[in-house]
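To be precise, the following lines are structure.tsv, and they hold TSV, C-alpha atoms.
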```
chain	number	residue	atom	x	y	z
A	1132	LEU	CA	10.63	12.67	-11.35
A	1133	LEU	CA	7.16	13.54	-12.62
A	1134	ILE	CA	5.51	12.04	-9.52
A	1135	SER	CA	7.85	14.00	-7.25
A	1136	ALA	CA	7.22	17.18	-9.21
A	1137	GLY	CA	3.48	16.64	-8.89
A	1138	GLN	CA	3.75	16.21	-5.12
A	1139	ILE	CA	5.91	19.32	-4.78
A	1140	PHE	CA	3.43	21.32	-6.86
A	1141	ALA	CA	0.52	20.06	-4.76
A	1142	GLY	CA	2.32	20.97	-1.55
A	1143	VAL	CA	3.29	24.47	-2.68
A	1144	SER	CA	-0.12	25.26	-4.18
A	1145	THR	CA	-2.02	24.13	-1.06
A	1146	HIS	CA	0.26	26.23	1.16
A	1147	ILE	CA	-0.38	29.28	-1.02
A	1148	TYR	CA	-4.12	28.59	-0.89
A	1149	ALA	CA	-4.02	28.24	2.91
A	1150	LEU	CA	-2.13	31.51	3.28
A	1151	LYS	CA	-4.25	33.60	0.91
A	1152	LYS	CA	-7.75	32.14	1.06
A	1153	LEU	CA	-7.93	30.69	4.57
A	1154	ARG	CA	-5.71	33.39	6.08
A	1155	ILE	CA	-3.71	30.83	8.04
A	1156	GLN	CA	-0.60	32.26	9.67
A	1157	PHE	CA	2.52	30.22	10.34
A	1158	LYS	CA	4.31	30.84	13.61
A	1159	PHE	CA	7.64	29.64	14.95
A	1160	THR	CA	7.48	27.58	18.11
A	1161	GLY	CA	9.99	26.49	20.71
A	1162	ILE	CA	11.83	23.19	20.68
A	1163	GLY	CA	9.85	21.93	23.69
A	1164	PRO	CA	6.46	21.59	21.96
A	1165	VAL	CA	8.16	20.05	18.92
A	1166	ILE	CA	9.83	17.36	21.04
A	1167	HIS	CA	6.53	16.73	22.84
A	1168	GLU	CA	4.68	16.16	19.56
A	1169	LEU	CA	7.45	13.91	18.26
A	1170	ARG	CA	7.33	11.78	21.37
A	1171	LYS	CA	3.55	11.59	21.26
A	1172	GLY	CA	3.55	10.51	17.62
A	1173	PHE	CA	6.55	8.17	17.86
A	1174	PRO	CA	4.54	4.89	18.06
A	1175	VAL	CA	2.63	5.75	14.88
A	1176	PHE	CA	5.79	6.94	13.11
A	1177	PHE	CA	7.70	3.81	14.09
A	1178	SER	CA	4.75	1.61	13.08
A	1179	THR	CA	4.70	3.19	9.63
A	1180	LEU	CA	8.46	2.68	9.35
A	1181	ILE	CA	8.11	-1.00	10.28
A	1182	ILE	CA	5.35	-1.54	7.71
A	1183	SER	CA	7.55	0.00	5.02
A	1184	LEU	CA	10.48	-2.18	6.07
A	1185	TYR	CA	8.76	-5.55	6.08
A	1186	THR	CA	6.96	-4.85	2.80
A	1187	THR	CA	10.00	-3.51	0.91
A	1188	LEU	CA	12.61	-5.85	2.38
A	1189	ASN	CA	10.87	-8.75	0.65
A	1190	THR	CA	12.58	-7.87	-2.60
A	1191	VAL	CA	15.93	-7.28	-0.88
A	1192	LEU	CA	15.85	-10.65	0.88
A	1193	LEU	CA	14.83	-12.32	-2.36
A	1194	GLY	CA	17.86	-10.79	-4.03
A	1195	ILE	CA	20.17	-11.98	-1.25
A	1196	PHE	CA	18.87	-15.53	-0.83
A	1197	GLY	CA	17.30	-16.08	-4.26
A	1198	ASN	CA	18.19	-15.24	-7.84
A	1199	VAL	CA	17.76	-12.40	-10.30
A	1200	TYR	CA	14.82	-14.01	-12.11
A	1201	SER	CA	12.89	-14.43	-8.85
A	1202	VAL	CA	13.50	-10.79	-8.00
A	1203	GLY	CA	12.26	-9.72	-11.43
A	1204	ILE	CA	8.98	-11.63	-11.43
A	1205	PHE	CA	8.22	-10.75	-7.81
A	1206	ALA	CA	8.94	-7.06	-8.39
A	1207	ALA	CA	6.66	-7.08	-11.45
A	1208	ALA	CA	3.73	-8.55	-9.52
A	1209	ALA	CA	4.39	-6.33	-6.50
A	1210	LYS	CA	4.36	-3.26	-8.73
A	1211	ILE	CA	0.87	-4.11	-9.97
A	1212	ILE	CA	-0.33	-4.65	-6.41
A	1213	GLY	CA	1.17	-1.31	-5.42
A	1214	ILE	CA	-0.51	0.46	-8.32
A	1215	SER	CA	-3.91	-0.99	-7.43
A	1216	GLN	CA	-3.50	0.18	-3.84
A	1217	ASN	CA	-2.22	3.65	-4.69
A	1218	LEU	CA	-4.83	4.36	-7.35
A	1219	LEU	CA	-7.89	2.83	-5.74
A	1220	PHE	CA	-7.49	2.62	-1.99
A	1221	MET	CA	-4.99	5.25	-0.83
A	1222	PRO	CA	-7.10	8.23	-2.02
A	1223	PHE	CA	-10.04	6.72	-0.13
A	1224	THR	CA	-8.14	6.31	3.14
A	1225	GLN	CA	-6.57	9.77	2.99
A	1226	SER	CA	-9.94	11.44	2.49
A	1227	PHE	CA	-11.81	9.12	4.84
A	1228	TYR	CA	-9.54	9.35	7.90
A	1229	PRO	CA	-10.24	13.02	8.80
A	1230	ASN	CA	-13.99	12.38	8.70
A	1231	THR	CA	-13.63	9.27	10.83
A	1232	ALA	CA	-11.45	11.14	13.33
A	1233	LEU	CA	-14.08	13.88	13.54
A	1234	GLU	CA	-16.79	11.33	14.31
A	1235	PHE	CA	-14.61	9.71	16.97
A	1236	SER	CA	-14.13	13.12	18.58
A	1237	LYS	CA	-17.91	13.30	19.00
A	1238	SER	CA	-18.39	9.76	20.28
A	1239	VAL	CA	-16.71	6.37	19.95
A	1240	LYS	CA	-19.95	4.81	18.73
A	1241	GLU	CA	-20.35	7.31	15.88
A	1242	GLY	CA	-16.71	6.98	14.87
A	1243	TYR	CA	-16.87	3.19	14.87
A	1244	GLU	CA	-20.06	3.16	12.81
A	1245	ARG	CA	-18.51	5.63	10.36
A	1246	ALA	CA	-15.44	3.43	9.89
A	1247	ILE	CA	-17.49	0.26	9.42
A	1248	LYS	CA	-19.73	2.07	6.96
A	1249	GLY	CA	-16.68	2.86	4.87
A	1250	MET	CA	-16.10	-0.86	4.38
A	1251	LYS	CA	-19.31	-1.07	2.37
A	1252	TYR	CA	-17.82	1.26	-0.23
A	1253	PHE	CA	-14.36	-0.20	-0.72
A	1254	THR	CA	-15.01	-3.93	-0.19
A	1255	PRO	CA	-16.81	-4.47	-3.54
A	1256	LEU	CA	-14.24	-2.33	-5.37
A	1257	MET	CA	-11.14	-3.97	-3.90
A	1258	GLY	CA	-12.73	-7.42	-4.08
A	1259	ALA	CA	-13.53	-6.96	-7.77
A	1260	THR	CA	-10.02	-5.64	-8.42
A	1261	GLY	CA	-8.49	-8.68	-6.73
A	1262	LEU	CA	-10.71	-11.04	-8.70
A	1263	ILE	CA	-9.75	-9.39	-11.99
A	1264	MET	CA	-6.04	-9.64	-11.17
A	1265	PHE	CA	-6.46	-13.29	-10.19
A	1266	LEU	CA	-8.45	-14.32	-13.27
A	1267	PHE	CA	-6.54	-12.26	-15.84
A	1268	ALA	CA	-3.05	-12.45	-14.35
A	1269	ASP	CA	-1.55	-13.93	-17.53
A	1270	PHE	CA	-2.93	-11.17	-19.73
A	1271	ILE	CA	-2.01	-8.38	-17.30
A	1272	ILE	CA	1.60	-9.54	-16.94
A	1273	SER	CA	2.02	-10.17	-20.66
A	1274	PHE	CA	0.52	-6.79	-21.57
A	1275	LEU	CA	2.55	-4.76	-19.07
A	1276	PHE	CA	5.86	-6.63	-18.97
A	1277	GLY	CA	6.00	-9.00	-21.93
A	1278	SER	CA	6.26	-12.78	-22.24
A	1279	GLU	CA	9.67	-12.79	-20.52
A	1280	PHE	CA	7.87	-12.18	-17.22
A	1281	SER	CA	5.33	-14.98	-17.62
A	1282	GLY	CA	6.45	-16.42	-14.28
A	1283	ALA	CA	5.05	-13.33	-12.56
A	1284	SER	CA	1.51	-14.48	-13.35
A	1285	ASP	CA	1.51	-17.03	-10.53
A	1286	ILE	CA	2.97	-14.44	-8.15
A	1287	LEU	CA	0.21	-12.01	-9.09
A	1288	ARG	CA	-2.43	-14.66	-8.41
A	1289	ILE	CA	-1.00	-15.32	-4.95
A	1290	THR	CA	-0.95	-11.63	-4.08
A	1291	ALA	CA	-4.09	-10.54	-5.94
A	1292	PHE	CA	-6.24	-10.11	-2.84
A	1293	ILE	CA	-3.60	-8.38	-0.71
A	1294	PRO	CA	-5.08	-4.91	-1.44
A	1295	LEU	CA	-8.45	-6.12	-0.14
A	1296	ILE	CA	-6.85	-7.55	3.01
A	1297	VAL	CA	-4.80	-4.38	3.56
A	1298	SER	CA	-7.96	-2.30	3.25
A	1299	PHE	CA	-9.52	-4.28	6.11
A	1300	SER	CA	-6.43	-3.87	8.29
A	1301	ASN	CA	-6.47	-0.16	7.48
A	1302	ILE	CA	-10.05	0.22	8.65
A	1303	PHE	CA	-9.58	-1.74	11.88
A	1304	GLY	CA	-6.00	-0.61	12.50
A	1305	VAL	CA	-5.62	2.96	11.26
A	1306	GLN	CA	-9.20	4.22	11.17
A	1307	ILE	CA	-10.33	2.64	14.46
A	1308	LEU	CA	-7.40	1.64	16.70
A	1309	LEU	CA	-5.47	4.87	16.19
A	1310	ASN	CA	-8.58	6.96	16.74
A	1311	LEU	CA	-9.13	5.03	19.97
A	1312	ARG	CA	-5.59	6.08	20.98
A	1313	GLN	CA	-4.32	2.52	20.88
A	1314	ASP	CA	-0.96	3.61	19.43
A	1315	LYS	CA	1.11	1.13	21.42
A	1316	LEU	CA	-1.16	-1.76	20.47
A	1317	PHE	CA	-0.88	-0.70	16.83
A	1318	LEU	CA	2.90	-0.63	17.19
A	1319	PHE	CA	2.92	-4.12	18.71
A	1320	MET	CA	0.79	-5.37	15.83
A	1321	THR	CA	3.13	-4.07	13.13
A	1322	LEU	CA	6.28	-5.07	15.01
A	1323	SER	CA	5.06	-8.63	15.52
A	1324	ALA	CA	4.16	-8.82	11.83
A	1325	ALA	CA	7.71	-7.81	10.91
A	1326	LEU	CA	9.20	-10.34	13.34
A	1327	ILE	CA	7.11	-13.05	11.66
A	1328	SER	CA	7.63	-11.93	8.07
A	1329	LEU	CA	11.39	-11.43	7.92
A	1330	PRO	CA	12.53	-14.81	9.35
A	1331	ALA	CA	9.80	-16.60	7.40
A	1332	ASN	CA	11.09	-15.10	4.15
A	1333	ILE	CA	14.64	-16.21	4.90
A	1334	LEU	CA	13.38	-19.76	5.50
A	1335	VAL	CA	11.18	-20.10	2.40
A	1336	ILE	CA	13.24	-18.27	-0.23
A	1337	PRO	CA	15.86	-21.03	-0.85
A	1338	ALA	CA	13.16	-23.62	-1.54
A	1339	TYR	CA	10.26	-21.62	-3.00
A	1340	GLY	CA	11.75	-18.37	-4.28
A	1341	ALA	CA	9.33	-15.66	-5.36
A	1342	ALA	CA	6.26	-17.81	-4.71
A	1343	GLY	CA	7.40	-18.31	-1.12
A	1344	VAL	CA	7.91	-14.58	-0.56
A	1345	ALA	CA	4.51	-13.83	-2.09
A	1346	SER	CA	2.87	-16.39	0.20
A	1347	VAL	CA	4.59	-14.97	3.29
A	1348	TRP	CA	3.49	-11.48	2.25
A	1349	LEU	CA	-0.11	-12.66	1.88
A	1350	LEU	CA	-0.11	-14.47	5.23
A	1351	THR	CA	1.54	-11.52	6.99
A	1352	GLU	CA	-1.11	-9.10	5.76
A	1353	LEU	CA	-3.80	-11.59	6.74
A	1354	TYR	CA	-2.27	-11.80	10.22
A	1355	VAL	CA	-2.28	-8.00	10.55
A	1356	ALA	CA	-5.92	-7.77	9.45
A	1357	LEU	CA	-7.05	-10.50	11.87
A	1358	PHE	CA	-5.01	-9.00	14.71
A	1359	ALA	CA	-6.52	-5.57	14.10
A	1360	PHE	CA	-10.03	-7.04	13.94
A	1361	ALA	CA	-9.56	-8.96	17.20
A	1362	ALA	CA	-8.01	-5.92	18.89
A	1363	VAL	CA	-10.91	-3.69	17.87
A	1364	ARG	CA	-13.44	-6.20	19.21
A	1365	LYS	CA	-11.62	-6.32	22.54
A	1366	VAL	CA	-11.15	-2.56	22.85
A	1367	MET	CA	-14.72	-1.75	21.80
A	1368	LYS	CA	-16.10	-3.86	24.66
A	1369	ASN	CA	-14.79	-1.20	27.01
A	1370	HIS	CA	-16.72	1.50	25.13
A	1371	VAL	CA	-20.10	-0.20	24.87
```

Write out the structure in this file as structure tokens.
Amino acid sequence: LLISAGQIFAGVSTHIYALKKLRIQFKFTGIGPVIHELRKGFPVFFSTLIISLYTTLNTVLLGIFGNVYSVGIFAAAAKIIGISQNLLFMPFTQSFYPNTALEFSKSVKEGYERAIKGMKYFTPLMGATGLIMFLFADFIISFLFGSEFSGASDILRITAFIPLIVSFSNIFGVQILLNLRQDKLFLFMTLSAALISLPANILVIPAYGAAGVASVWLLTELYVALFAFAAVRKVMKNHV
């Protein structure tokens, strides 16, 4: 509730600021331009939806094919991973993307160099965060959730470096591919990741439970990062 209230307050206050200080005027438009923009942005919208599905359905599938304890320890570890991403990396990407897009509008070379330069800032931070979670998983789980969730320590170790991997896929996928107007390629990347992740989870859950789901999650994110990297290398050859 507090998070939602904070987001509502931020939205309302920024609109008021835009109206009063920047003198921005809002105008009604016809349905035609709206439909055009929706169609143009559909690949990105659908890609975002797919990413949300294959990352959140992990817990659902674990509940269907696993047991309550597995769901609990996986959810505990996943919550820590989510916190590390939301607190450390998401603010960076949200502030970094407009600047990268601006550089790409000037030239592909400048935009690409800007995106790669950003990696120098977040790689040490996300790498150190992953290392801390890996080395001190027992303490982190015990401190946040209690000894009853001790099994989540191994899950946290498996997933500790996912934020670092996701940050790479964000740079190559979101910051570069989308700015190069490779929306359909980005959609194919996320869709193929989902088609790999979901069946793999169903196969590993009966035998390996939460550890299996965590491993599939890690490998899926690694696949996305490598795919995005390879795609950028291929696309950039046409802009050299």

Open item on the list: Which residues are close to stretch 1204-1219 of chain A, i.e. within 9 Å by all atoms listed in the file, leaving aside same-chain residues fewer than 5 positions away? Reply as a PyMOL selection string.
Closed with: chain A and resi 1190+1193+1199+1253+1256-1257+1260-1261+1264+1271-1272+1275-1276+1280-1288+1290-1295+1297-1298+1341-1342+1344-1345

Task: Residues within 9 Å of A:Phe1319, all atoms listed in the file, excluding chain neighbours under 5 positions, as an NGL selection string - done: :A and (1178 or 1314 or 1324)

Open item on the list: Taking all atoms listed in the file into account, name the residue in A:Leu1188, A:Leu1316, A:Leu1322, A:Ile1263 that is nearest to A:Trp1348.
Closed with: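 Residue with the minimum atom-to-atom distance to A:Trp1348: A:Leu1188.
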
- [ ] Figure out the distance between atom CA of A:Leu1329 and atom CA of A:Leu1184, please, to one decimal in Å.
- [x]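 Between atom CA of A:Leu1184 and atom CA of A:Leu1329 the gap is 9.5 Å.
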
Per residue of stretch 1159-1245 of chain A within 10 Å of stretch 1305-1313 of chain A, which atom pair is closest and at what distance in Å (one decimal), using all atoms listed in the file, listed by chain and increasing number, as a tab-separated table?
```
residue	atom	partner	partner_atom	distance
A:Pro1174	CA	A:Gln1313	CA	9.6
A:Val1175	CA	A:Leu1309	CA	8.3
A:Thr1224	CA	A:Gln1306	CA	8.4
A:Phe1227	CA	A:Gln1306	CA	8.4
A:Tyr1228	CA	A:Gln1306	CA	6.1
A:Pro1229	CA	A:Gln1306	CA	9.2
A:Asn1230	CA	A:Gln1306	CA	9.8
A:Thr1231	CA	A:Gln1306	CA	6.7
A:Ala1232	CA	A:Asn1310	CA	6.1
A:Leu1233	CA	A:Asn1310	CA	9.4
A:Glu1234	CA	A:Asn1310	CA	9.6
A:Phe1235	CA	A:Asn1310	CA	6.6
A:Ser1236	CA	A:Asn1310	CA	8.5
A:Val1239	CA	A:Leu1311	CA	7.7
A:Gly1242	CA	A:Ile1307	CA	7.7
A:Tyr1243	CA	A:Ile1307	CA	6.6
A:Glu1244	CA	A:Ile1307	CA	9.9
A:Arg1245	CA	A:Gln1306	CA	9.5
```

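Compared by their closest atoms to A:Pro1337, and using only C-alpha atoms, the residues A:Leu1192, A:Ile1182, A:Ile1147, A:Leu1318 rank with A:Leu1192 nearest.
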
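Atom pair atom CA of A:Pro1164 / atom CA of A:Phe1317 has a distance of 24.0 Å (rounded to one decimal).
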
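Of the residues listed (A:Ile1302, A:Val1366, A:Val1347, A:Leu1353), A:Val1347 shows the shortest atom-to-atom separation from A:Asn1332; distances use only C-alpha atoms.
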
- [ ] Could you please determine the separation between atom CA of A:Thr1321 and atom CA of A:Ile1181 in Å, to one decimal place?
- [x]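 The value is 6.5 Å.
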
Task: Top pick for closest residue to A:Ala1331, considering A:Gly1194, A:Leu1266, A:Tyr1200, A:Tyr1185 and counting only C-alpha atoms - done: A:Tyr1185

Fewer than 2 positions away in the same chain doesn't count, so skip those; otherwise give me all residues within 6 Å of A:Ala1359, counting only C-alpha atoms, as an mmCIF file with C-alpha atoms, keeping the file's coordinate frame.
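Wrote part.cif, looks like this:
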```cif
data_model
loop_
_atom_site.group_PDB
_atom_site.id
_atom_site.type_symbol
_atom_site.label_atom_id
_atom_site.label_comp_id
_atom_site.auth_asym_id
_atom_site.auth_seq_id
_atom_site.Cartn_x
_atom_site.Cartn_y
_atom_site.Cartn_z
ATOM 1 C CA PHE A 1303 -9.580 -1.740 11.880
ATOM 2 C CA GLY A 1304 -6.000 -0.610 12.500
ATOM 3 C CA ALA A 1356 -5.920 -7.770 9.450
ATOM 4 C CA LEU A 1357 -7.050 -10.500 11.870
ATOM 5 C CA ALA A 1361 -9.560 -8.960 17.200
ATOM 6 C CA ALA A 1362 -8.010 -5.920 18.890
#
```
